[in-house]
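Participant: File name target-v4.cif; file contents mmCIF, C-alpha atoms; full text below.
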```
data_query
loop_
_atom_site.label_atom_id
_atom_site.label_comp_id
_atom_site.auth_asym_id
_atom_site.auth_seq_id
_atom_site.Cartn_x
_atom_site.Cartn_y
_atom_site.Cartn_z
CA MET A 171 -33.24 -37.66 78.00
CA ARG A 172 -33.24 -39.64 74.79
CA SER A 173 -30.91 -42.58 74.39
CA GLN A 174 -28.06 -41.92 71.97
CA SER A 175 -27.26 -45.63 71.55
CA GLY A 176 -29.51 -46.29 68.49
CA PRO A 177 -31.28 -44.50 65.66
CA ASP A 178 -33.90 -42.04 66.87
CA PRO A 179 -37.29 -43.54 65.87
CA THR A 180 -38.99 -40.13 65.67
CA ARG A 181 -36.33 -38.82 63.35
CA ARG A 182 -36.46 -42.01 61.29
CA SER A 183 -40.27 -41.65 60.97
CA GLU A 184 -39.86 -38.04 59.88
CA ARG A 185 -37.30 -39.12 57.27
CA SER A 186 -39.71 -41.74 55.93
CA ARG A 187 -42.57 -39.24 55.94
CA ARG A 188 -40.55 -36.72 53.91
CA ALA A 189 -39.37 -39.43 51.49
CA ILE A 190 -42.98 -40.55 50.95
CA LEU A 191 -44.31 -37.03 50.39
CA GLY A 192 -41.44 -36.20 48.04
CA ALA A 193 -41.97 -39.40 46.08
CA ALA A 194 -45.72 -38.71 45.80
CA VAL A 195 -45.18 -35.23 44.32
CA GLU A 196 -42.50 -36.51 41.92
CA LEU A 197 -44.66 -39.36 40.66
CA LEU A 198 -47.68 -37.13 40.32
CA GLY A 199 -45.76 -34.89 37.93
CA GLU A 200 -44.48 -37.90 35.99
CA THR A 201 -47.55 -40.14 35.69
CA GLY A 202 -50.55 -37.98 36.57
CA TYR A 203 -53.04 -38.67 39.30
CA ASN A 204 -54.99 -41.50 37.70
CA GLU A 205 -51.92 -43.69 37.19
CA LEU A 206 -50.45 -42.85 40.59
CA THR A 207 -50.53 -45.78 43.05
CA VAL A 208 -49.59 -46.20 46.69
CA GLU A 209 -47.33 -49.07 45.55
CA ALA A 210 -45.37 -46.77 43.25
CA ILE A 211 -45.02 -44.12 45.96
CA ALA A 212 -43.72 -46.75 48.39
CA ALA A 213 -41.21 -48.12 45.85
CA ARG A 214 -39.90 -44.64 44.99
CA ALA A 215 -39.64 -43.67 48.68
CA GLY A 216 -37.93 -46.96 49.59
CA VAL A 217 -40.53 -47.94 52.19
CA GLY A 218 -43.10 -50.70 52.42
CA LYS A 219 -46.66 -50.08 51.25
CA GLN A 220 -47.88 -50.80 54.78
CA THR A 221 -45.83 -47.87 56.09
CA ILE A 222 -47.89 -45.53 53.92
CA TYR A 223 -51.20 -47.10 54.93
CA ARG A 224 -50.22 -46.81 58.61
CA TRP A 225 -50.18 -43.01 58.24
CA TRP A 226 -52.60 -42.22 55.40
CA PRO A 227 -55.88 -43.72 54.18
CA GLY A 228 -54.95 -43.39 50.49
CA LYS A 229 -53.06 -41.51 47.80
CA GLY A 230 -55.27 -38.41 47.97
CA ALA A 231 -54.43 -37.89 51.63
CA VAL A 232 -50.69 -38.33 50.91
CA ILE A 233 -50.77 -35.65 48.22
CA LEU A 234 -52.79 -33.30 50.38
CA ASP A 235 -50.13 -33.54 53.11
CA ALA A 236 -47.35 -32.98 50.59
CA LEU A 237 -48.96 -29.80 49.30
CA ALA A 238 -49.97 -28.55 52.74
CA ASP A 239 -46.30 -28.83 53.76
CA ALA A 240 -45.37 -26.66 50.78
CA ALA A 241 -48.10 -24.11 51.51
CA VAL A 242 -47.30 -23.28 55.15
CA ASP A 243 -45.14 -20.28 54.32
CA VAL A 244 -47.60 -18.66 51.92
CA ASP A 245 -48.59 -15.97 54.41
CA ALA A 246 -44.99 -14.80 54.72
CA GLN A 247 -44.77 -14.42 50.93
CA MET A 248 -47.60 -11.88 50.73
CA PRO A 249 -46.11 -8.51 49.79
CA ASP A 250 -47.28 -5.16 51.12
CA THR A 251 -45.55 -2.34 49.30
CA GLY A 252 -48.45 0.01 49.94
CA ASP A 253 -49.50 -0.25 46.27
CA ILE A 254 -52.36 -2.77 45.95
CA ARG A 255 -52.03 -3.08 42.16
CA LYS A 256 -48.34 -3.87 42.35
CA ASP A 257 -48.90 -6.36 45.18
CA LEU A 258 -51.74 -8.12 43.34
CA TYR A 259 -49.52 -8.45 40.26
CA ALA A 260 -46.91 -10.06 42.56
CA ILE A 261 -49.49 -12.56 43.84
CA VAL A 262 -51.41 -13.31 40.65
CA ARG A 263 -48.52 -13.65 38.17
CA PRO A 264 -46.84 -16.60 39.94
CA THR A 265 -50.20 -18.26 40.62
CA VAL A 266 -51.08 -18.07 36.92
CA ALA A 267 -47.58 -19.34 36.07
CA GLU A 268 -48.10 -22.33 38.40
CA LEU A 269 -51.39 -23.17 36.68
CA ALA A 270 -49.62 -22.93 33.30
CA ASP A 271 -46.83 -25.27 34.43
CA PRO A 272 -47.70 -28.83 33.30
CA ARG A 273 -46.18 -30.54 36.32
CA LEU A 274 -47.63 -28.25 38.98
CA SER A 275 -50.89 -28.20 37.07
CA ALA A 276 -51.12 -31.99 37.29
CA THR A 277 -50.91 -31.75 41.06
CA SER A 278 -53.60 -29.09 41.22
CA ARG A 279 -55.87 -31.17 39.00
CA ALA A 280 -55.39 -34.19 41.24
CA LEU A 281 -56.33 -32.20 44.31
CA SER A 282 -59.33 -30.67 42.57
CA ILE A 283 -60.58 -34.12 41.60
CA GLU A 284 -60.35 -35.17 45.23
CA THR A 285 -62.00 -31.94 46.32
CA LEU A 286 -64.99 -32.56 44.11
CA GLY A 287 -65.35 -36.25 44.82
CA ASP A 288 -64.65 -36.60 48.54
CA GLU A 289 -66.32 -34.15 50.90
CA ALA A 290 -64.12 -34.94 53.93
CA LEU A 291 -60.94 -34.45 51.93
CA ALA A 292 -62.47 -31.36 50.33
CA GLU A 293 -62.74 -29.70 53.74
CA GLN A 294 -59.07 -30.39 54.37
CA VAL A 295 -58.04 -29.07 50.94
CA ARG A 296 -60.04 -25.93 51.56
CA ASP A 297 -58.86 -25.33 55.12
CA ARG A 298 -55.21 -26.39 54.81
CA LEU A 299 -54.37 -25.33 51.24
CA LEU A 300 -56.75 -22.65 50.05
CA ARG A 301 -57.67 -20.87 53.26
CA PRO A 302 -54.14 -19.63 54.08
CA GLN A 303 -53.70 -18.01 50.66
CA PHE A 304 -57.28 -16.77 50.62
CA ASP A 305 -56.93 -15.16 54.06
CA ALA A 306 -53.57 -13.61 53.24
CA VAL A 307 -54.98 -11.92 50.12
CA LYS A 308 -58.03 -10.85 52.10
CA ASP A 309 -55.82 -9.25 54.76
CA ARG A 310 -53.92 -7.40 52.04
CA LEU A 311 -57.19 -6.14 50.52
CA ARG A 312 -58.39 -5.02 53.96
CA ALA A 313 -55.24 -2.91 54.33
CA ALA A 314 -55.92 -1.48 50.84
CA GLN A 315 -59.47 -0.66 51.98
CA ARG A 316 -58.06 1.28 54.93
CA ALA A 317 -55.68 3.08 52.54
CA ASN A 318 -58.67 4.04 50.34
CA GLN A 319 -57.38 1.94 47.40
CA VAL A 320 -60.34 -0.47 47.63
CA ARG A 321 -63.92 0.74 48.08
CA ALA A 322 -65.22 0.55 51.66
CA ASP A 323 -68.45 -1.25 50.64
CA VAL A 324 -66.69 -4.17 48.90
CA ASP A 325 -67.27 -7.64 50.45
CA LEU A 326 -63.70 -8.90 50.83
CA ASP A 327 -64.63 -12.59 50.39
CA GLN A 328 -66.19 -11.74 47.04
CA ALA A 329 -63.18 -9.59 46.21
CA VAL A 330 -60.77 -12.50 46.69
CA GLU A 331 -63.04 -14.76 44.63
CA LEU A 332 -63.17 -12.14 41.86
CA ILE A 333 -59.39 -12.55 41.51
CA PHE A 334 -58.96 -16.31 42.02
CA GLY A 335 -62.23 -17.51 40.48
CA PRO A 336 -61.61 -16.42 36.87
CA MET A 337 -58.06 -17.78 36.70
CA TYR A 338 -59.15 -21.07 38.19
CA TYR A 339 -62.08 -21.32 35.79
CA ARG A 340 -59.84 -20.56 32.78
CA TRP A 341 -57.37 -23.21 33.92
CA MET A 342 -59.94 -25.84 34.79
CA PHE A 343 -61.80 -25.69 31.50
CA ARG A 344 -58.70 -24.86 29.41
CA ILE A 345 -60.51 -21.96 27.77
CA GLY A 346 -57.67 -19.52 27.29
CA PRO A 347 -53.94 -18.84 27.68
CA LEU A 348 -52.45 -18.50 31.17
CA SER A 349 -49.84 -15.87 30.33
CA GLU A 350 -48.34 -12.98 32.24
CA GLU A 351 -50.40 -10.62 30.09
CA TYR A 352 -53.53 -12.47 31.18
CA ALA A 353 -52.47 -12.16 34.85
CA ASN A 354 -51.99 -8.40 34.49
CA ASP A 355 -55.31 -7.93 32.70
CA LEU A 356 -57.11 -9.95 35.39
CA VAL A 357 -55.71 -7.75 38.16
CA ASP A 358 -56.61 -4.59 36.24
CA LEU A 359 -60.14 -5.85 35.65
CA ALA A 360 -60.60 -6.84 39.31
CA LEU A 361 -59.28 -3.49 40.48
CA ALA A 362 -61.70 -1.71 38.14
CA ALA A 363 -64.42 -3.43 40.17
CA LEU A 364 -62.86 -3.05 43.60
CA GLY A 365 -60.86 0.14 43.44
CA THR A 366 -61.68 3.71 44.34
CA ASP A 367 -61.18 6.44 41.78
CA THR A 368 -58.15 7.61 43.72
CA ALA A 369 -56.38 4.22 43.60
CA MET B 41 -90.32 -46.01 1.87
CA ARG B 42 -89.99 -47.63 5.29
CA SER B 43 -91.85 -50.86 6.01
CA GLN B 44 -94.73 -50.41 8.47
CA SER B 45 -94.92 -54.10 9.29
CA GLY B 46 -92.61 -54.07 12.34
CA PRO B 47 -91.23 -51.73 15.01
CA ASP B 48 -89.04 -48.96 13.58
CA PRO B 49 -85.48 -49.77 14.70
CA THR B 50 -84.38 -46.10 14.58
CA ARG B 51 -87.28 -45.07 16.78
CA ARG B 52 -86.62 -48.00 19.12
CA SER B 53 -82.96 -46.97 19.40
CA GLU B 54 -83.96 -43.39 20.16
CA ARG B 55 -86.35 -44.64 22.88
CA SER B 56 -83.55 -46.69 24.45
CA ARG B 57 -81.16 -43.78 24.19
CA ARG B 58 -83.57 -41.45 25.97
CA ALA B 59 -84.30 -44.08 28.65
CA ILE B 60 -80.58 -44.54 29.27
CA LEU B 61 -79.84 -40.81 29.49
CA GLY B 62 -82.84 -40.25 31.77
CA ALA B 63 -81.80 -43.13 34.03
CA ALA B 64 -78.23 -41.82 34.21
CA VAL B 65 -79.33 -38.36 35.35
CA GLU B 66 -81.79 -39.82 37.89
CA LEU B 67 -79.23 -42.17 39.40
CA LEU B 68 -76.59 -39.46 39.51
CA GLY B 69 -78.88 -37.35 41.70
CA GLU B 70 -79.67 -40.33 43.92
CA THR B 71 -76.29 -41.99 44.41
CA GLY B 72 -73.68 -39.48 43.31
CA TYR B 73 -71.08 -40.00 40.64
CA ASN B 74 -68.71 -42.32 42.51
CA GLU B 75 -71.40 -44.92 43.22
CA LEU B 76 -72.94 -44.66 39.76
CA THR B 77 -72.35 -47.74 37.57
CA VAL B 78 -73.18 -48.64 34.00
CA GLU B 79 -74.96 -51.72 35.41
CA ALA B 80 -77.30 -49.56 37.51
CA ILE B 81 -78.04 -47.26 34.56
CA ALA B 82 -78.87 -50.29 32.40
CA ALA B 83 -81.16 -51.79 35.06
CA ARG B 84 -83.03 -48.51 35.59
CA ALA B 85 -83.38 -47.94 31.85
CA GLY B 86 -84.55 -51.51 31.25
CA VAL B 87 -81.80 -52.30 28.75
CA GLY B 88 -78.82 -54.64 28.75
CA LYS B 89 -75.42 -53.35 29.85
CA GLN B 90 -74.05 -54.19 26.40
CA THR B 91 -76.55 -51.76 24.83
CA ILE B 92 -74.91 -48.93 26.75
CA TYR B 93 -71.38 -50.04 25.88
CA ARG B 94 -72.36 -50.24 22.21
CA TRP B 95 -73.01 -46.48 22.20
CA TRP B 96 -70.78 -45.03 24.94
CA PRO B 97 -67.30 -45.88 26.27
CA GLY B 98 -68.32 -45.37 29.93
CA LYS B 99 -70.51 -43.57 32.44
CA GLY B 100 -68.81 -40.19 31.98
CA ALA B 101 -69.71 -40.16 28.28
CA VAL B 102 -73.32 -41.14 29.07
CA ILE B 103 -73.70 -38.23 31.50
CA LEU B 104 -72.07 -35.80 29.10
CA ASP B 105 -74.62 -36.72 26.42
CA ALA B 106 -77.49 -36.36 28.89
CA LEU B 107 -76.41 -32.87 29.87
CA ALA B 108 -75.58 -31.80 26.33
CA ASP B 109 -79.15 -32.75 25.35
CA ALA B 110 -80.45 -30.49 28.12
CA ALA B 111 -78.15 -27.61 27.15
CA VAL B 112 -79.02 -27.25 23.45
CA ASP B 113 -81.63 -24.57 23.99
CA VAL B 114 -79.50 -22.36 26.21
CA ASP B 115 -78.95 -19.77 23.50
CA ALA B 116 -82.68 -19.25 23.08
CA GLN B 117 -82.98 -18.59 26.82
CA MET B 118 -80.60 -15.63 26.81
CA PRO B 119 -82.62 -12.46 27.47
CA ASP B 120 -81.97 -9.12 25.82
CA THR B 121 -84.16 -6.44 27.38
CA GLY B 122 -81.66 -3.71 26.50
CA ASP B 123 -80.61 -3.47 30.18
CA ILE B 124 -77.40 -5.46 30.71
CA ARG B 125 -77.69 -5.47 34.52
CA LYS B 126 -81.21 -6.86 34.43
CA ASP B 127 -80.25 -9.48 31.84
CA LEU B 128 -77.18 -10.60 33.80
CA TYR B 129 -79.35 -11.00 36.91
CA ALA B 130 -81.63 -13.19 34.80
CA ILE B 131 -78.68 -15.36 33.73
CA VAL B 132 -76.68 -15.50 36.96
CA ARG B 133 -79.50 -16.06 39.49
CA PRO B 134 -80.68 -19.40 38.02
CA THR B 135 -77.08 -20.56 37.46
CA VAL B 136 -76.28 -19.89 41.12
CA ALA B 137 -79.54 -21.61 42.12
CA GLU B 138 -78.52 -24.67 40.08
CA LEU B 139 -75.15 -24.83 41.83
CA ALA B 140 -76.97 -24.56 45.19
CA ASP B 141 -79.34 -27.42 44.31
CA PRO B 142 -77.91 -30.67 45.76
CA ARG B 143 -79.13 -32.87 42.91
CA LEU B 144 -78.03 -30.63 40.05
CA SER B 145 -74.82 -29.87 41.91
CA ALA B 146 -74.00 -33.60 42.04
CA THR B 147 -74.22 -33.74 38.27
CA SER B 148 -71.99 -30.71 37.85
CA ARG B 149 -69.44 -32.19 40.23
CA ALA B 150 -69.42 -35.43 38.28
CA LEU B 151 -68.77 -33.61 35.04
CA SER B 152 -66.08 -31.47 36.61
CA ILE B 153 -64.30 -34.58 37.88
CA GLU B 154 -64.34 -35.99 34.36
CA THR B 155 -63.20 -32.66 32.96
CA LEU B 156 -60.17 -32.57 35.21
CA GLY B 157 -59.22 -36.21 34.83
CA ASP B 158 -59.81 -36.99 31.15
CA GLU B 159 -58.54 -34.53 28.56
CA ALA B 160 -60.58 -35.92 25.64
CA LEU B 161 -63.81 -35.77 27.62
CA ALA B 162 -62.79 -32.34 28.92
CA GLU B 163 -62.78 -30.99 25.38
CA GLN B 164 -66.27 -32.30 24.84
CA VAL B 165 -67.54 -30.86 28.12
CA ARG B 166 -66.05 -27.51 27.21
CA ASP B 167 -67.30 -27.44 23.61
CA ARG B 168 -70.74 -29.04 24.06
CA LEU B 169 -71.76 -27.81 27.52
CA LEU B 170 -69.84 -24.69 28.45
CA ARG B 171 -69.19 -23.08 25.08
CA PRO B 172 -72.87 -22.49 24.15
CA GLN B 173 -73.59 -20.67 27.42
CA PHE B 174 -70.26 -18.88 27.31
CA ASP B 175 -70.83 -17.66 23.75
CA ALA B 176 -74.40 -16.60 24.46
CA VAL B 177 -73.30 -14.42 27.38
CA LYS B 178 -70.44 -13.07 25.30
CA ASP B 179 -72.87 -12.09 22.51
CA ARG B 180 -75.07 -10.34 25.07
CA LEU B 181 -72.05 -8.44 26.43
CA ARG B 182 -71.01 -7.46 22.90
CA ALA B 183 -74.46 -5.93 22.36
CA ALA B 184 -74.04 -4.09 25.68
CA GLN B 185 -70.67 -2.82 24.47
CA ARG B 186 -72.35 -1.41 21.35
CA ALA B 187 -75.00 0.19 23.59
CA ASN B 188 -72.22 1.82 25.66
CA GLN B 189 -73.18 -0.18 28.78
CA VAL B 190 -69.88 -2.09 28.75
CA ARG B 191 -66.52 -0.39 28.16
CA ALA B 192 -65.18 -0.69 24.62
CA ASP B 193 -61.72 -1.84 25.78
CA VAL B 194 -62.99 -4.83 27.80
CA ASP B 195 -61.85 -8.29 26.57
CA LEU B 196 -65.17 -10.15 26.33
CA ASP B 197 -63.67 -13.57 27.11
CA GLN B 198 -62.29 -12.20 30.34
CA ALA B 199 -65.60 -10.48 31.00
CA VAL B 200 -67.53 -13.76 30.83
CA GLU B 201 -64.95 -15.44 33.07
CA LEU B 202 -65.25 -12.61 35.58
CA ILE B 203 -68.91 -13.56 36.00
CA PHE B 204 -68.74 -17.37 35.84
CA GLY B 205 -65.33 -17.87 37.47
CA PRO B 206 -66.14 -16.59 40.95
CA MET B 207 -69.44 -18.47 41.27
CA TYR B 208 -67.82 -21.67 40.10
CA TYR B 209 -64.91 -21.22 42.50
CA ARG B 210 -67.27 -20.56 45.44
CA TRP B 211 -69.27 -23.65 44.54
CA MET B 212 -66.31 -25.91 43.90
CA PHE B 213 -64.52 -25.18 47.15
CA ARG B 214 -67.74 -24.66 49.19
CA ILE B 215 -66.43 -21.39 50.55
CA GLY B 216 -69.62 -19.36 50.81
CA PRO B 217 -73.41 -19.32 50.39
CA LEU B 218 -74.91 -19.56 46.88
CA SER B 219 -77.90 -17.31 47.49
CA GLU B 220 -79.84 -14.88 45.32
CA GLU B 221 -78.21 -12.04 47.24
CA TYR B 222 -74.82 -13.46 46.30
CA ALA B 223 -75.87 -13.66 42.64
CA ASN B 224 -76.95 -10.02 42.65
CA ASP B 225 -73.75 -8.86 44.36
CA LEU B 226 -71.64 -10.80 41.86
CA VAL B 227 -73.35 -9.12 38.90
CA ASP B 228 -72.98 -5.70 40.52
CA LEU B 229 -69.29 -6.32 41.20
CA ALA B 230 -68.66 -7.55 37.65
CA LEU B 231 -70.48 -4.57 36.17
CA ALA B 232 -68.41 -2.23 38.32
CA ALA B 233 -65.42 -3.68 36.45
CA LEU B 234 -67.01 -3.84 33.00
CA GLY B 235 -69.49 -1.02 32.90
CA THR B 236 -69.25 2.50 31.64
CA ASP B 237 -70.25 5.35 33.94
CA THR B 238 -73.38 5.83 31.90
CA ALA B 239 -74.61 2.22 32.38
#
```
Would you write the structure of this file as structure tokens?
Facilitator:
Amino acid sequence: MRSQSGPDPTRRSERSRRAILGAAVELLGETGYNELTVEAIAARAGVGKQTIYRWWPGKGAVILDALADAAVDVDAQMPDTGDIRKDLYAIVRPTVAELADPRLSATSRALSIETLGDEALAEQVRDRLLRPQFDAVKDRLRAAQRANQVRADVDLDQAVELIFGPMYYRWMFRIGPLSEEYANDLVDLALAALGTDTA
Amino acid sequence: MRSQSGPDPTRRSERSRRAILGAAVELLGETGYNELTVEAIAARAGVGKQTIYRWWPGKGAVILDALADAAVDVDAQMPDTGDIRKDLYAIVRPTVAELADPRLSATSRALSIETLGDEALAEQVRDRLLRPQFDAVKDRLRAAQRANQVRADVDLDQAVELIFGPMYYRWMFRIGPLSEEYANDLVDLALAALGTDTA
């Protein structure tokens, strides 16, 4: 049994951890990744710099943890109404809206920079942030395949990439608007490739 | 008329410029972007560091110029055999092969890092490197639309992104093989979305 006579150190650590992750995401939206420092995160979170370095090797790892915390429930958010077009609209519209949002976009850019530049961190970004969403969409497409709304011969990895790749590319190179109309058109175009005539 | 009594300063500048750009691309393949320094480029090129800083603000701008030089002839390389599937294979296979090549891939990663992190440089990357290839493919798709091989209602910007987006996404997040088979499947999938029944 735990002593009740003093503050619980585990709970205190968890409080500090949450304060640090929250501060990192806030500052990222305010200053951008390049200007973000571990010192600023520590000051905003009300902890010492050494507390951050005890748990993370650098700012990239802090941000990754912050976003992975936010992403854990993504699988539960995946709709299945039985209508693949409707469900893909429900997935793609908010993802496009996130990419269009300046603050959320700054976070995604920061993570993408880390992903490109640091192979070890890239694996973590892929496995902890992208993989859950990727797999959830893939599961939904597999159900659509069984329901004869997606062609049986479609490679489901390529199918997911056909949806996420174009929007990511458009965002990354700032080559076109990220509007709801764009999101709808993207889903319609992908389903023209993936769908059966009966879908 | 120019004096012939001494070395031509314009020609000497152009020789230095080419040496610097060549050294930058070589070193990028050898050390990667993070370890690349203006000092190392200068040493390899046999010029002083101040010569580089006279012409470019930093290493990102040097690399951009090197790649833009290599990209100028991309429009001339765009095939038009009259068969859109065949021509897209001819465009997509070598692009996928470049992304699979460790040395060329290092260069692309470096530019992508700059693109994400520096908005001014991003515009240049987009307009000088991506736009020529993008527009050339778009022109080829427009011809295919006239030949009834691509549906008349397809947005050609989205069509180009449907081809380049997925391969870029797969490369960036290292989520699957970048093989010739993949390139072929990507073209087939895109044409299933874009093509008319008669294509």
Participant: What residues in chain B have any atom no more than 8 Å from chain A when counting all atoms listed in the file, and can you write them as a PyMOL selection string?
Facilitator: chain B and resi 74+149-150+152-153+155-157+162+166+198+201-210+212-213+215+226+229-234
Participant: Neighbours of segment 128-135 of chain B within 8 Å (all atoms listed in the file; same-chain residues fewer than 3 positions away dropped), as a VMD selection string?
Facilitator: chain B and resid 118 to 119 124 to 125 138 to 139 220 223 to 224 227
Participant: I need the output of the PyMOL selection byres ((chain A and resi 190) around 9) for this file as a list in words; which residues are they?
Facilitator: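 In the shown coordinates, the PyMOL selection byres ((chain A and resi 190) around 9) covers Arg185, Ser186, Arg187, Arg188, Ala189, Leu191, Gly192, Ala193, Ala194, Val195, Ile211, Ala212, Arg214, Ala215, Gly216, Val217, Ile222, Val232 and Ala236 of chain A.
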Participant: Return the single residue from A:Leu326, A:Leu348, A:Ala270, A:Val320 that is closest to Phe304 of chain A, with distances computed using only C-alpha atoms.
Facilitator: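 The shortest atom-to-atom distance to Phe304 of chain A comes from A:Leu326.
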Participant: Atom CA of Thr221 of chain A and atom CA of Arg181 of chain A are how many Å apart?
Facilitator: 15.0 Å
